[in-house]
file upload_30.tsv (TSV, N, CA and C atoms)
chain	number	residue	atom	x	y	z
X	272	SER	N	6.96	-7.28	10.07
X	272	SER	CA	6.04	-6.75	9.08
X	272	SER	C	6.73	-5.69	8.23
X	273	LEU	N	6.16	-5.42	7.11
X	273	LEU	CA	6.71	-4.40	6.21
X	273	LEU	C	6.71	-3.03	6.87
X	274	ALA	N	5.64	-2.72	7.59
X	274	ALA	CA	5.56	-1.42	8.26
X	274	ALA	C	6.71	-1.26	9.25
X	275	GLU	N	7.01	-2.32	9.99
X	275	GLU	CA	8.12	-2.25	10.95
X	275	GLU	C	9.47	-2.08	10.25
X	276	ARG	N	9.66	-2.82	9.16
X	276	ARG	CA	10.93	-2.72	8.43
X	276	ARG	C	11.13	-1.33	7.84
X	277	LEU	N	10.06	-0.78	7.27
X	277	LEU	CA	10.17	0.56	6.69
X	277	LEU	C	10.38	1.61	7.77
X	278	GLY	N	9.71	1.43	8.90
X	278	GLY	CA	9.84	2.38	10.00
X	278	GLY	C	11.23	2.38	10.61
X	279	ALA	N	11.94	1.26	10.50
X	279	ALA	CA	13.28	1.16	11.06
X	279	ALA	C	14.33	1.86	10.20
X	280	LEU	N	13.97	2.16	8.95
X	280	LEU	CA	14.89	2.83	8.04
X	280	LEU	C	14.82	4.35	8.24
X	281	THR	N	15.91	5.00	7.95
X	281	THR	CA	15.89	6.47	7.95
X	281	THR	C	15.18	6.94	6.67
X	282	VAL	N	14.81	8.19	6.64
X	282	VAL	CA	14.18	8.74	5.44
X	282	VAL	C	15.12	8.60	4.25
X	283	ALA	N	16.40	8.85	4.45
X	283	ALA	CA	17.37	8.72	3.36
X	283	ALA	C	17.43	7.28	2.84
X	284	GLU	N	17.37	6.32	3.75
X	284	GLU	CA	17.39	4.91	3.33
X	284	GLU	C	16.12	4.54	2.58
X	285	ARG	N	14.97	5.04	3.06
X	285	ARG	CA	13.71	4.75	2.37
X	285	ARG	C	13.69	5.36	0.97
X	286	ARG	N	14.36	6.49	0.78
X	286	ARG	CA	14.41	7.11	-0.56
X	286	ARG	C	15.09	6.19	-1.57
X	287	ARG	N	15.92	5.28	-1.09
X	287	ARG	CA	16.65	4.38	-1.98
X	287	ARG	C	16.00	3.01	-2.14
X	288	VAL	N	14.86	2.79	-1.49
X	288	VAL	CA	14.17	1.50	-1.60
X	288	VAL	C	13.52	1.40	-2.98
X	289	PRO	N	13.89	0.37	-3.75
X	289	PRO	CA	13.30	0.21	-5.08
X	289	PRO	C	11.78	0.07	-5.00
X	290	GLY	N	11.09	0.79	-5.87
X	290	GLY	CA	9.64	0.71	-5.93
X	290	GLY	C	8.91	1.74	-5.09
X	291	LEU	N	9.61	2.41	-4.19
X	291	LEU	CA	8.98	3.45	-3.38
X	291	LEU	C	9.28	4.82	-3.97
X	292	GLU	N	8.29	5.68	-3.98
X	292	GLU	CA	8.48	7.04	-4.46
X	292	GLU	C	9.40	7.78	-3.49
X	293	PRO	N	10.54	8.26	-3.92
X	293	PRO	CA	11.45	8.97	-3.01
X	293	PRO	C	10.81	10.17	-2.30
X	294	ASP	N	9.90	10.87	-2.99
X	294	ASP	CA	9.25	12.03	-2.38
X	294	ASP	C	8.28	11.64	-1.26
X	295	ARG	N	7.94	10.36	-1.15
X	295	ARG	CA	7.02	9.91	-0.11
X	295	ARG	C	7.73	9.17	1.02
X	296	ALA	N	9.04	9.22	1.02
X	296	ALA	CA	9.83	8.48	2.01
X	296	ALA	C	9.48	8.84	3.45
X	297	ALA	N	9.11	10.08	3.68
X	297	ALA	CA	8.80	10.52	5.05
X	297	ALA	C	7.46	9.96	5.55
X	298	VAL	N	6.53	9.68	4.66
X	298	VAL	CA	5.19	9.26	5.08
X	298	VAL	C	4.89	7.78	4.85
X	299	ILE	N	5.79	7.08	4.19
X	299	ILE	CA	5.56	5.67	3.87
X	299	ILE	C	5.28	4.82	5.12
X	300	PRO	N	6.05	4.94	6.21
X	300	PRO	CA	5.75	4.09	7.37
X	300	PRO	C	4.34	4.33	7.93
X	301	ALA	N	3.90	5.57	7.98
X	301	ALA	CA	2.55	5.86	8.48
X	301	ALA	C	1.50	5.23	7.57
X	302	GLY	N	1.70	5.32	6.27
X	302	GLY	CA	0.78	4.70	5.33
X	302	GLY	C	0.74	3.19	5.47
X	303	ALA	N	1.90	2.59	5.69
X	303	ALA	CA	1.97	1.14	5.87
X	303	ALA	C	1.21	0.72	7.12
X	304	TRP	N	1.34	1.48	8.20
X	304	TRP	CA	0.61	1.17	9.43
X	304	TRP	C	-0.90	1.33	9.24
X	305	ILE	N	-1.30	2.34	8.50
X	305	ILE	CA	-2.73	2.53	8.23
X	305	ILE	C	-3.29	1.34	7.47
X	306	ILE	N	-2.56	0.87	6.46
X	306	ILE	CA	-3.01	-0.29	5.69
X	306	ILE	C	-3.06	-1.52	6.59
X	307	TRP	N	-2.04	-1.72	7.43
X	307	TRP	CA	-2.02	-2.87	8.34
X	307	TRP	C	-3.24	-2.82	9.26
X	308	GLU	N	-3.53	-1.65	9.83
X	308	GLU	CA	-4.68	-1.52	10.71
X	308	GLU	C	-5.99	-1.79	9.96
X	309	LEU	N	-6.09	-1.31	8.74
X	309	LEU	CA	-7.28	-1.55	7.93
X	309	LEU	C	-7.48	-3.05	7.70
X	310	LEU	N	-6.41	-3.75	7.32
X	310	LEU	CA	-6.50	-5.20	7.11
X	310	LEU	C	-6.89	-5.90	8.41
X	311	HIS	N	-6.27	-5.52	9.51
X	311	HIS	CA	-6.57	-6.12	10.80
X	311	HIS	C	-8.03	-5.88	11.20
X	312	TRP	N	-8.49	-4.64	11.04
X	312	TRP	CA	-9.84	-4.26	11.42
X	312	TRP	C	-10.90	-4.99	10.59
X	313	THR	N	-10.64	-5.16	9.29
X	313	THR	CA	-11.61	-5.82	8.42
X	313	THR	C	-11.47	-7.33	8.40
X	314	GLY	N	-10.35	-7.83	8.90
X	314	GLY	CA	-10.12	-9.27	8.86
X	314	GLY	C	-9.67	-9.77	7.50
X	315	ALA	N	-9.33	-8.85	6.62
X	315	ALA	CA	-8.88	-9.22	5.27
X	315	ALA	C	-7.44	-9.72	5.32
X	316	ALA	N	-7.12	-10.64	4.44
X	316	ALA	CA	-5.77	-11.19	4.38
X	316	ALA	C	-4.87	-10.42	3.42
X	317	GLU	N	-5.49	-9.67	2.52
X	317	GLU	CA	-4.69	-8.95	1.54
X	317	GLU	C	-5.45	-7.73	1.04
X	318	LEU	N	-4.71	-6.85	0.39
X	318	LEU	CA	-5.27	-5.64	-0.19
X	318	LEU	C	-4.73	-5.52	-1.60
X	319	LEU	N	-5.61	-5.39	-2.56
X	319	LEU	CA	-5.21	-5.23	-3.96
X	319	LEU	C	-5.26	-3.76	-4.30
X	320	ILE	N	-4.15	-3.24	-4.78
X	320	ILE	CA	-4.06	-1.82	-5.14
X	320	ILE	C	-3.84	-1.71	-6.64
X	321	SER	N	-4.64	-0.86	-7.26
X	321	SER	CA	-4.53	-0.64	-8.69
X	321	SER	C	-3.94	0.73	-8.96
X	322	ALA	N	-2.97	0.78	-9.83
X	322	ALA	CA	-2.39	2.06	-10.23
X	322	ALA	C	-3.24	2.74	-11.29
X	323	ARG	N	-4.27	2.06	-11.76
X	323	ARG	CA	-5.09	2.59	-12.84
X	323	ARG	C	-6.34	3.32	-12.37
X	324	GLY	N	-6.74	3.18	-11.13
X	324	GLY	CA	-7.89	3.91	-10.63
X	324	GLY	C	-9.10	3.04	-10.39
X	325	LEU	N	-10.07	3.64	-9.72
X	325	LEU	CA	-11.27	2.94	-9.30
X	325	LEU	C	-12.09	2.43	-10.49
X	326	ARG	N	-12.27	3.26	-11.49
X	326	ARG	CA	-13.09	2.82	-12.64
X	326	ARG	C	-12.48	1.62	-13.33
X	327	TRP	N	-11.17	1.58	-13.46
X	327	TRP	CA	-10.50	0.44	-14.08
X	327	TRP	C	-10.79	-0.83	-13.27
X	328	GLY	N	-10.68	-0.74	-11.96
X	328	GLY	CA	-10.95	-1.89	-11.10
X	328	GLY	C	-12.38	-2.36	-11.21
X	329	LEU	N	-13.31	-1.42	-11.28
X	329	LEU	CA	-14.72	-1.80	-11.43
X	329	LEU	C	-14.96	-2.51	-12.76
X	330	VAL	N	-14.35	-2.01	-13.82
X	330	VAL	CA	-14.49	-2.65	-15.13
X	330	VAL	C	-13.91	-4.07	-15.08
X	331	GLN	N	-12.76	-4.23	-14.43
X	331	GLN	CA	-12.18	-5.56	-14.30
X	331	GLN	C	-13.10	-6.49	-13.53
X	332	ASP	N	-13.63	-6.02	-12.41
X	332	ASP	CA	-14.54	-6.85	-11.63
X	332	ASP	C	-15.77	-7.24	-12.44
X	333	LEU	N	-16.34	-6.27	-13.14
X	333	LEU	CA	-17.52	-6.56	-13.94
X	333	LEU	C	-17.22	-7.55	-15.05
X	334	SER	N	-16.05	-7.44	-15.66
X	334	SER	CA	-15.71	-8.35	-16.76
X	334	SER	C	-15.45	-9.76	-16.26
X	335	ARG	N	-15.09	-9.90	-14.98
X	335	ARG	CA	-14.86	-11.23	-14.39
X	335	ARG	C	-16.11	-11.78	-13.72
X	336	GLY	N	-17.14	-10.95	-13.63
X	336	GLY	CA	-18.35	-11.36	-12.94
X	336	GLY	C	-18.21	-11.32	-11.43
X	337	SER	N	-17.24	-10.52	-10.92
X	337	SER	CA	-16.98	-10.44	-9.48
X	337	SER	C	-17.84	-9.42	-8.77
X	338	ALA	N	-18.42	-8.50	-9.48
X	338	ALA	CA	-19.18	-7.42	-8.83
X	338	ALA	C	-20.62	-7.79	-8.64

call {"tool": "encode", "arguments": {"input": "upload_30.tsv", "output": "structure tokens"}}
result
Amino acid sequence: SLAERLGALTVAERRRVPGLEPDRAAVIPAGAWIIWELLHWTGAAELLISARGLRWGLVQDLSRGSA
């Protein structure tokens, strides 16, 4: 899993992973495990994350008729 792969890296190695915020290298594995547990607990197969915020996501859902 991604959480396991990230956890196996040192903080210095995680700082160099493309797409990860270097300042969050120390907490990324814990966050990955939290997301994994959330998906497992809810039975969801995926999690969609928006960089634009909650209101943007709600507007998208409403425009698609998903809400």

call {"tool": "residues_around", "arguments": {"input": "upload_30.tsv", "residues": "Leu273 in chain X", "least_positions_apart": "5", "cutoff": "8 Å", "atoms": "only N, CA and C atoms", "output": "PyMOL selection string"}}
result
chain X and resi 278-279+300+303-304

call {"tool": "atom_distance", "arguments": {"input": "upload_30.tsv", "atom1": "CA of Thr313 in chain X", "atom2": "atom N of Arg276 in chain X"}}
result
21.5 Å

call {"tool": "atom_distance", "arguments": {"input": "upload_30.tsv", "atom1": "CA of Gln331 in chain X", "atom2": "atom C of Gly290 in chain X"}}
result
24.1 Å

call {"tool": "atom_distance", "arguments": {"input": "upload_30.tsv", "atom1": "CA of Leu309 in chain X", "atom2": "CA of Ala274 in chain X"}}
result
12.8 Å

call {"tool": "select_by_dssp", "arguments": {"input": "upload_30.tsv", "residues": "chain X", "states": "helix (DSSP H, G or I)", "output": "number ranges by chain"}}
result
X: 273-279, 282-286, 293-295, 299-313, 325-335

call {"tool": "closest_residue", "arguments": {"input": "upload_30.tsv", "among": "X:Ser321, X:Ile299, X:Glu308, X:Gly328", "to": "Leu277 in chain X", "atoms": "only N, CA and C atoms"}}
result
X:Ile299

call {"tool": "residues_near_point", "arguments": {"input": "upload_30.tsv", "point": "(9.8, 12.0, 8.6)", "cutoff": "8 Å", "atoms": "all atoms listed in the file", "output": "PDB file with N, CA and C atoms, keeping the file's coordinate frame"}}
result
ATOM      1  N   THR X 281      15.910   5.000   7.950  1.00  0.00           N
ATOM      2  CA  THR X 281      15.890   6.470   7.950  1.00  0.00           C
ATOM      3  C   THR X 281      15.180   6.940   6.670  1.00  0.00           C
ATOM      4  N   VAL X 282      14.810   8.190   6.640  1.00  0.00           N
ATOM      5  CA  VAL X 282      14.180   8.740   5.440  1.00  0.00           C
ATOM      6  C   VAL X 282      15.120   8.600   4.250  1.00  0.00           C
ATOM      7  N   ALA X 296       9.040   9.220   1.020  1.00  0.00           N
ATOM      8  CA  ALA X 296       9.830   8.480   2.010  1.00  0.00           C
ATOM      9  C   ALA X 296       9.480   8.840   3.450  1.00  0.00           C
ATOM     10  N   ALA X 297       9.110  10.080   3.680  1.00  0.00           N
ATOM     11  CA  ALA X 297       8.800  10.520   5.050  1.00  0.00           C
ATOM     12  C   ALA X 297       7.460   9.960   5.550  1.00  0.00           C
ATOM     13  N   VAL X 298       6.530   9.680   4.660  1.00  0.00           N
ATOM     14  CA  VAL X 298       5.190   9.260   5.080  1.00  0.00           C
ATOM     15  C   VAL X 298       4.890   7.780   4.850  1.00  0.00           C
ATOM     16  N   ILE X 299       5.790   7.080   4.190  1.00  0.00           N
ATOM     17  CA  ILE X 299       5.560   5.670   3.870  1.00  0.00           C
ATOM     18  C   ILE X 299       5.280   4.820   5.120  1.00  0.00           C
TER      19      ILE X 299
END
